[in-house]
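Content type compact mmCIF, N, CA and C atoms, from the file query-v4.txt:
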```txt
# COMPACT_ATOMS: atom_id res chain seq x y z
N MET A 1 6.55 16.62 5.36
CA MET A 1 5.21 16.08 5.31
C MET A 1 4.77 15.79 6.73
N SER A 2 3.68 16.38 7.13
CA SER A 2 3.23 16.19 8.49
C SER A 2 2.06 15.22 8.60
N THR A 3 1.55 14.76 7.48
CA THR A 3 0.42 13.84 7.53
C THR A 3 0.86 12.43 7.17
N ASN A 4 0.01 11.49 7.47
CA ASN A 4 0.29 10.10 7.17
C ASN A 4 -0.63 9.59 6.07
N LYS A 5 -0.87 10.40 5.06
CA LYS A 5 -1.73 9.99 3.96
C LYS A 5 -1.09 8.85 3.19
N THR A 6 -1.95 8.04 2.61
CA THR A 6 -1.47 6.97 1.75
C THR A 6 -2.15 7.08 0.39
N TYR A 7 -1.50 6.50 -0.61
CA TYR A 7 -1.96 6.62 -1.98
C TYR A 7 -1.91 5.26 -2.65
N THR A 8 -2.78 5.06 -3.65
CA THR A 8 -2.83 3.79 -4.37
C THR A 8 -2.39 3.92 -5.82
N VAL A 9 -2.11 5.14 -6.26
CA VAL A 9 -1.66 5.40 -7.63
C VAL A 9 -0.50 6.40 -7.54
N ALA A 10 0.55 6.16 -8.32
CA ALA A 10 1.68 7.09 -8.32
C ALA A 10 2.38 7.03 -9.66
N GLY A 11 3.15 8.07 -9.93
CA GLY A 11 3.91 8.09 -11.17
C GLY A 11 4.50 9.46 -11.42
N THR A 12 4.74 9.74 -12.70
CA THR A 12 5.32 11.03 -13.09
C THR A 12 4.58 11.57 -14.30
N SER A 13 4.71 12.87 -14.49
CA SER A 13 4.20 13.51 -15.70
C SER A 13 5.03 14.76 -15.95
N VAL A 14 4.92 15.28 -17.17
CA VAL A 14 5.65 16.48 -17.55
C VAL A 14 4.64 17.60 -17.78
N SER A 15 4.88 18.72 -17.10
CA SER A 15 4.05 19.91 -17.26
C SER A 15 4.97 21.10 -17.45
N ASN A 16 4.76 21.84 -18.53
CA ASN A 16 5.60 23.00 -18.84
C ASN A 16 7.08 22.64 -18.86
N GLY A 17 7.38 21.46 -19.38
CA GLY A 17 8.77 21.03 -19.52
C GLY A 17 9.42 20.48 -18.27
N LYS A 18 8.68 20.39 -17.17
CA LYS A 18 9.23 19.93 -15.89
C LYS A 18 8.57 18.61 -15.49
N THR A 19 9.40 17.61 -15.21
CA THR A 19 8.89 16.31 -14.76
C THR A 19 8.66 16.37 -13.25
N LYS A 20 7.49 15.90 -12.83
CA LYS A 20 7.14 15.89 -11.41
C LYS A 20 6.53 14.55 -11.03
N VAL A 21 6.65 14.24 -9.73
CA VAL A 21 6.06 13.02 -9.18
C VAL A 21 4.59 13.31 -8.87
N ARG A 22 3.74 12.34 -9.16
CA ARG A 22 2.30 12.50 -8.94
C ARG A 22 1.79 11.38 -8.04
N PHE A 23 0.85 11.71 -7.15
CA PHE A 23 0.25 10.75 -6.24
C PHE A 23 -1.27 10.89 -6.35
N ALA A 24 -2.00 9.78 -6.20
CA ALA A 24 -3.45 9.85 -6.31
C ALA A 24 -4.10 8.63 -5.66
N GLN A 25 -5.43 8.68 -5.59
CA GLN A 25 -6.20 7.55 -5.09
C GLN A 25 -6.86 6.77 -6.22
N ASP A 26 -7.10 7.44 -7.35
CA ASP A 26 -7.82 6.81 -8.45
C ASP A 26 -7.08 7.03 -9.76
N TYR A 27 -6.74 5.95 -10.44
CA TYR A 27 -5.95 6.00 -11.66
C TYR A 27 -6.65 6.79 -12.77
N VAL A 28 -7.88 6.42 -13.07
CA VAL A 28 -8.60 7.02 -14.19
C VAL A 28 -8.81 8.52 -13.98
N SER A 29 -9.26 8.90 -12.79
CA SER A 29 -9.50 10.32 -12.51
C SER A 29 -8.22 11.13 -12.61
N ARG A 30 -7.14 10.61 -12.05
CA ARG A 30 -5.87 11.35 -12.08
C ARG A 30 -5.36 11.49 -13.50
N PHE A 31 -5.45 10.40 -14.28
CA PHE A 31 -4.99 10.45 -15.66
C PHE A 31 -5.78 11.49 -16.45
N LYS A 32 -7.10 11.49 -16.28
CA LYS A 32 -7.94 12.44 -17.00
C LYS A 32 -7.61 13.89 -16.64
N ILE A 33 -7.39 14.15 -15.35
CA ILE A 33 -7.08 15.51 -14.90
C ILE A 33 -5.74 15.97 -15.46
N LEU A 34 -4.73 15.10 -15.38
CA LEU A 34 -3.42 15.46 -15.91
C LEU A 34 -3.49 15.73 -17.41
N ASN A 35 -4.18 14.86 -18.13
CA ASN A 35 -4.32 15.01 -19.58
C ASN A 35 -5.07 16.30 -19.92
N LYS A 36 -6.15 16.56 -19.20
CA LYS A 36 -6.95 17.76 -19.43
C LYS A 36 -6.14 19.03 -19.20
N ASN A 37 -5.21 18.97 -18.25
CA ASN A 37 -4.39 20.13 -17.91
C ASN A 37 -3.13 20.23 -18.77
N GLY A 38 -3.04 19.42 -19.82
CA GLY A 38 -1.95 19.56 -20.77
C GLY A 38 -0.66 18.85 -20.42
N HIS A 39 -0.69 17.94 -19.45
CA HIS A 39 0.51 17.20 -19.10
C HIS A 39 0.85 16.20 -20.20
N THR A 40 2.13 15.94 -20.37
CA THR A 40 2.59 14.96 -21.36
C THR A 40 3.40 13.89 -20.63
N ASP A 41 3.76 12.85 -21.34
CA ASP A 41 4.56 11.76 -20.78
C ASP A 41 4.00 11.29 -19.43
N ILE A 42 2.69 11.09 -19.39
CA ILE A 42 2.03 10.66 -18.16
C ILE A 42 2.31 9.17 -17.97
N GLU A 43 2.95 8.85 -16.87
CA GLU A 43 3.28 7.46 -16.55
C GLU A 43 2.81 7.20 -15.12
N LEU A 44 1.69 6.49 -14.98
CA LEU A 44 1.14 6.18 -13.66
C LEU A 44 1.06 4.67 -13.49
N VAL A 45 1.19 4.22 -12.24
CA VAL A 45 1.01 2.80 -11.93
C VAL A 45 0.08 2.69 -10.73
N GLU A 46 -0.73 1.63 -10.75
CA GLU A 46 -1.56 1.32 -9.60
C GLU A 46 -0.74 0.47 -8.65
N LEU A 47 -0.77 0.82 -7.37
CA LEU A 47 0.02 0.12 -6.37
C LEU A 47 -0.76 -1.06 -5.81
N ASP A 48 -0.04 -2.08 -5.35
CA ASP A 48 -0.68 -3.27 -4.78
C ASP A 48 -1.43 -2.94 -3.49
N SER A 49 -0.89 -1.99 -2.74
CA SER A 49 -1.53 -1.57 -1.49
C SER A 49 -1.26 -0.08 -1.29
N ALA A 50 -2.03 0.54 -0.42
CA ALA A 50 -1.84 1.96 -0.13
C ALA A 50 -0.47 2.16 0.52
N MET A 51 0.23 3.21 0.06
CA MET A 51 1.59 3.47 0.56
C MET A 51 1.76 4.95 0.85
N SER A 52 2.73 5.26 1.71
CA SER A 52 3.08 6.65 1.99
C SER A 52 3.92 7.19 0.83
N LYS A 53 4.07 8.50 0.78
CA LYS A 53 4.86 9.11 -0.28
C LYS A 53 6.32 8.64 -0.21
N ALA A 54 6.85 8.49 1.00
CA ALA A 54 8.24 8.04 1.15
C ALA A 54 8.40 6.63 0.57
N ASP A 55 7.47 5.74 0.89
CA ASP A 55 7.57 4.37 0.39
C ASP A 55 7.33 4.31 -1.12
N ILE A 56 6.44 5.16 -1.60
CA ILE A 56 6.19 5.21 -3.05
C ILE A 56 7.46 5.65 -3.78
N CYS A 57 8.12 6.67 -3.27
CA CYS A 57 9.35 7.15 -3.92
C CYS A 57 10.40 6.05 -3.95
N LYS A 58 10.51 5.31 -2.88
CA LYS A 58 11.46 4.19 -2.83
C LYS A 58 11.12 3.18 -3.93
N MET A 59 9.85 2.87 -4.07
CA MET A 59 9.41 1.91 -5.07
C MET A 59 9.64 2.44 -6.48
N LEU A 60 9.31 3.72 -6.71
CA LEU A 60 9.47 4.31 -8.04
C LEU A 60 10.92 4.36 -8.49
N MET A 61 11.84 4.59 -7.55
CA MET A 61 13.26 4.66 -7.89
C MET A 61 13.74 3.37 -8.53
N GLY A 62 13.16 2.24 -8.13
CA GLY A 62 13.60 0.96 -8.67
C GLY A 62 12.69 0.39 -9.74
N HIS A 63 11.58 1.03 -10.01
CA HIS A 63 10.59 0.51 -10.97
C HIS A 63 11.08 0.73 -12.40
N GLU A 64 10.90 -0.27 -13.24
CA GLU A 64 11.40 -0.21 -14.62
C GLU A 64 10.79 0.90 -15.46
N LYS A 65 9.57 1.35 -15.15
CA LYS A 65 8.93 2.40 -15.94
C LYS A 65 9.42 3.81 -15.61
N PHE A 66 10.21 3.93 -14.55
CA PHE A 66 10.62 5.26 -14.08
C PHE A 66 12.14 5.40 -14.02
N GLN A 67 12.81 4.93 -15.05
CA GLN A 67 14.27 4.92 -15.05
C GLN A 67 14.90 6.02 -15.91
N SER A 68 14.09 6.85 -16.56
CA SER A 68 14.69 7.93 -17.35
C SER A 68 15.36 8.92 -16.40
N GLU A 69 16.31 9.66 -16.94
CA GLU A 69 17.04 10.63 -16.12
C GLU A 69 16.10 11.67 -15.52
N ALA A 70 15.15 12.14 -16.32
CA ALA A 70 14.21 13.16 -15.84
C ALA A 70 13.34 12.61 -14.71
N GLN A 71 12.87 11.37 -14.86
CA GLN A 71 12.03 10.77 -13.82
C GLN A 71 12.81 10.54 -12.53
N GLN A 72 14.01 9.99 -12.66
CA GLN A 72 14.84 9.73 -11.48
C GLN A 72 15.18 11.04 -10.76
N SER A 73 15.46 12.09 -11.52
CA SER A 73 15.76 13.39 -10.93
C SER A 73 14.54 13.95 -10.20
N ALA A 74 13.37 13.82 -10.81
CA ALA A 74 12.14 14.32 -10.19
C ALA A 74 11.86 13.60 -8.89
N ILE A 75 12.03 12.29 -8.88
CA ILE A 75 11.79 11.51 -7.67
C ILE A 75 12.79 11.90 -6.59
N SER A 76 14.06 11.98 -6.95
CA SER A 76 15.10 12.37 -5.98
C SER A 76 14.84 13.76 -5.43
N GLU A 77 14.48 14.68 -6.31
CA GLU A 77 14.20 16.05 -5.88
C GLU A 77 13.01 16.08 -4.92
N PHE A 78 11.98 15.30 -5.22
CA PHE A 78 10.82 15.26 -4.34
C PHE A 78 11.22 14.77 -2.95
N VAL A 79 12.03 13.71 -2.90
CA VAL A 79 12.46 13.16 -1.62
C VAL A 79 13.25 14.20 -0.84
N VAL A 80 14.20 14.85 -1.49
CA VAL A 80 15.04 15.83 -0.81
C VAL A 80 14.20 17.00 -0.28
N ARG A 81 13.25 17.46 -1.06
CA ARG A 81 12.46 18.63 -0.67
C ARG A 81 11.31 18.32 0.28
N ASN A 82 10.76 17.11 0.22
CA ASN A 82 9.51 16.86 0.93
C ASN A 82 9.53 15.76 1.98
N ILE A 83 10.46 14.85 1.90
CA ILE A 83 10.48 13.76 2.87
C ILE A 83 11.46 14.14 3.97
N ARG A 84 10.92 14.46 5.11
CA ARG A 84 11.76 14.92 6.22
C ARG A 84 11.75 13.90 7.35
N GLY A 85 12.54 14.17 8.36
CA GLY A 85 12.66 13.29 9.52
C GLY A 85 11.33 12.97 10.18
N GLY A 86 10.36 13.88 10.08
CA GLY A 86 9.06 13.66 10.72
C GLY A 86 8.32 12.46 10.16
N SER A 87 8.48 12.19 8.87
CA SER A 87 7.78 11.05 8.29
C SER A 87 8.68 9.83 8.20
N THR A 88 9.95 9.99 8.52
CA THR A 88 10.94 8.94 8.57
C THR A 88 10.86 7.98 7.39
N PRO A 89 11.40 8.37 6.26
CA PRO A 89 11.45 7.43 5.14
C PRO A 89 12.39 6.30 5.49
N SER A 90 12.15 5.17 4.91
CA SER A 90 13.02 4.04 5.20
C SER A 90 14.44 4.38 4.76
N PRO A 91 15.45 3.82 5.42
CA PRO A 91 16.84 4.14 5.08
C PRO A 91 17.17 3.91 3.61
N ALA A 92 16.50 2.96 3.00
CA ALA A 92 16.78 2.67 1.59
C ALA A 92 16.50 3.87 0.71
N VAL A 93 15.47 4.66 1.03
CA VAL A 93 15.14 5.84 0.24
C VAL A 93 16.30 6.83 0.34
N ASN A 94 16.78 7.08 1.56
CA ASN A 94 17.89 8.00 1.74
C ASN A 94 19.13 7.51 1.02
N ASP A 95 19.41 6.21 1.09
CA ASP A 95 20.58 5.65 0.41
C ASP A 95 20.46 5.81 -1.10
N MET A 96 19.25 5.57 -1.64
CA MET A 96 19.05 5.68 -3.08
C MET A 96 19.25 7.12 -3.54
N VAL A 97 18.73 8.07 -2.78
CA VAL A 97 18.88 9.47 -3.15
C VAL A 97 20.35 9.86 -3.08
N LYS A 98 21.04 9.42 -2.05
CA LYS A 98 22.46 9.74 -1.90
C LYS A 98 23.26 9.15 -3.06
N GLN A 99 22.96 7.89 -3.44
CA GLN A 99 23.66 7.26 -4.55
C GLN A 99 23.38 8.00 -5.85
N GLU A 100 22.13 8.41 -6.06
CA GLU A 100 21.76 9.14 -7.27
C GLU A 100 22.52 10.45 -7.33
N ALA A 101 22.58 11.16 -6.21
CA ALA A 101 23.29 12.44 -6.18
C ALA A 101 24.77 12.24 -6.45
N GLU A 102 25.36 11.20 -5.87
CA GLU A 102 26.78 10.93 -6.08
C GLU A 102 27.06 10.57 -7.53
N SER A 103 26.15 9.82 -8.15
CA SER A 103 26.38 9.44 -9.55
C SER A 103 26.29 10.65 -10.47
N VAL A 104 25.41 11.59 -10.14
CA VAL A 104 25.30 12.81 -10.93
C VAL A 104 26.55 13.66 -10.74
N GLU A 105 27.04 13.75 -9.50
CA GLU A 105 28.23 14.54 -9.21
C GLU A 105 29.48 13.94 -9.86
N SER A 106 29.53 12.60 -9.94
CA SER A 106 30.73 11.96 -10.46
C SER A 106 30.71 11.78 -11.97
N THR A 107 29.64 12.21 -12.62
CA THR A 107 29.56 12.11 -14.07
C THR A 107 30.55 13.09 -14.68
N PRO A 108 31.47 12.59 -15.49
CA PRO A 108 32.47 13.49 -16.07
C PRO A 108 31.83 14.46 -17.07
N GLU A 109 32.34 15.68 -17.05
CA GLU A 109 31.84 16.67 -18.01
C GLU A 109 32.52 16.44 -19.35
N VAL A 110 31.77 16.61 -20.41
CA VAL A 110 32.29 16.43 -21.74
C VAL A 110 32.57 17.80 -22.34
N GLU A 111 33.80 18.00 -22.77
CA GLU A 111 34.14 19.28 -23.35
C GLU A 111 33.75 19.28 -24.82
N THR A 112 33.25 20.40 -25.27
CA THR A 112 32.89 20.52 -26.69
C THR A 112 33.83 21.52 -27.33
N ALA A 113 34.17 21.23 -28.56
CA ALA A 113 35.14 22.10 -29.25
C ALA A 113 34.44 23.20 -29.98
```
Produce structure tokens that represent the structure in this file.
Amino acid sequence: MSTNKTYTVAGTSVSNGKTKVRFAQDYVSRFKILNKNGHTDIELVELDSAMSKADICKMLMGHEKFQSEAQQSAISEFVVRNIRGGSTPSPAVNDMVKQEAESVESTPEVETA
């Protein structure tokens, strides 16, 4: 990310079976657009103040509304793919993503008969 844009609304939605992180300036407009485009499981929150995508991801990782496996994976994936050294996410974001990845890697596989 090369810009320093900030957002006041963030969350997740499912489109074509894939959960993705969403950012916006206006709750109602974003909700209507996502709904119109066939998104499901739309979960958006209005933020107390404008935040960068890196800070939003940090907040979403710990927010009670975004704790499903699909949501946590989408947030982690967004951070890994889009938050680079240029925007310098706070260390907590990197730690959270690393912990999430380690927990997924250390999950034992269940054999089926």
* **Length of the atom CA of Lys36 of chain A to atom N of Cys57 of chain A vector [Å]** => 24.7 Å
* Mind pulling up the distance from atom CA of Gln67 of chain A to atom N of Thr40 of chain A? -> 17.2 Å
* Asked: Mind pulling up the distance from atom CA of Lys32 of chain A to atom CA of Ala70 of chain A?
  ->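 Distance between the two atoms: 22.2 Å.
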* Asked: Skipping near chain neighbours, those fewer than 3 positions away, what residues fall within 7 Å of Asp26 of chain A using only C-alpha atoms, listed as an MDAnalysis selection string?
  -> chainID A and resid 9 29:30
* To do: Give the strand (DSSP E) residues of segment 14-72 of chain A, as DSSP finds them on the backbone, and put them as a count of residues only.
  => 21
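Among A:Met59, A:Val21, A:Ile42, A:Val14, the residue with the shortest atom-to-atom distance to Phe78 of chain A, counting only C-alpha atoms, is A:Val21.
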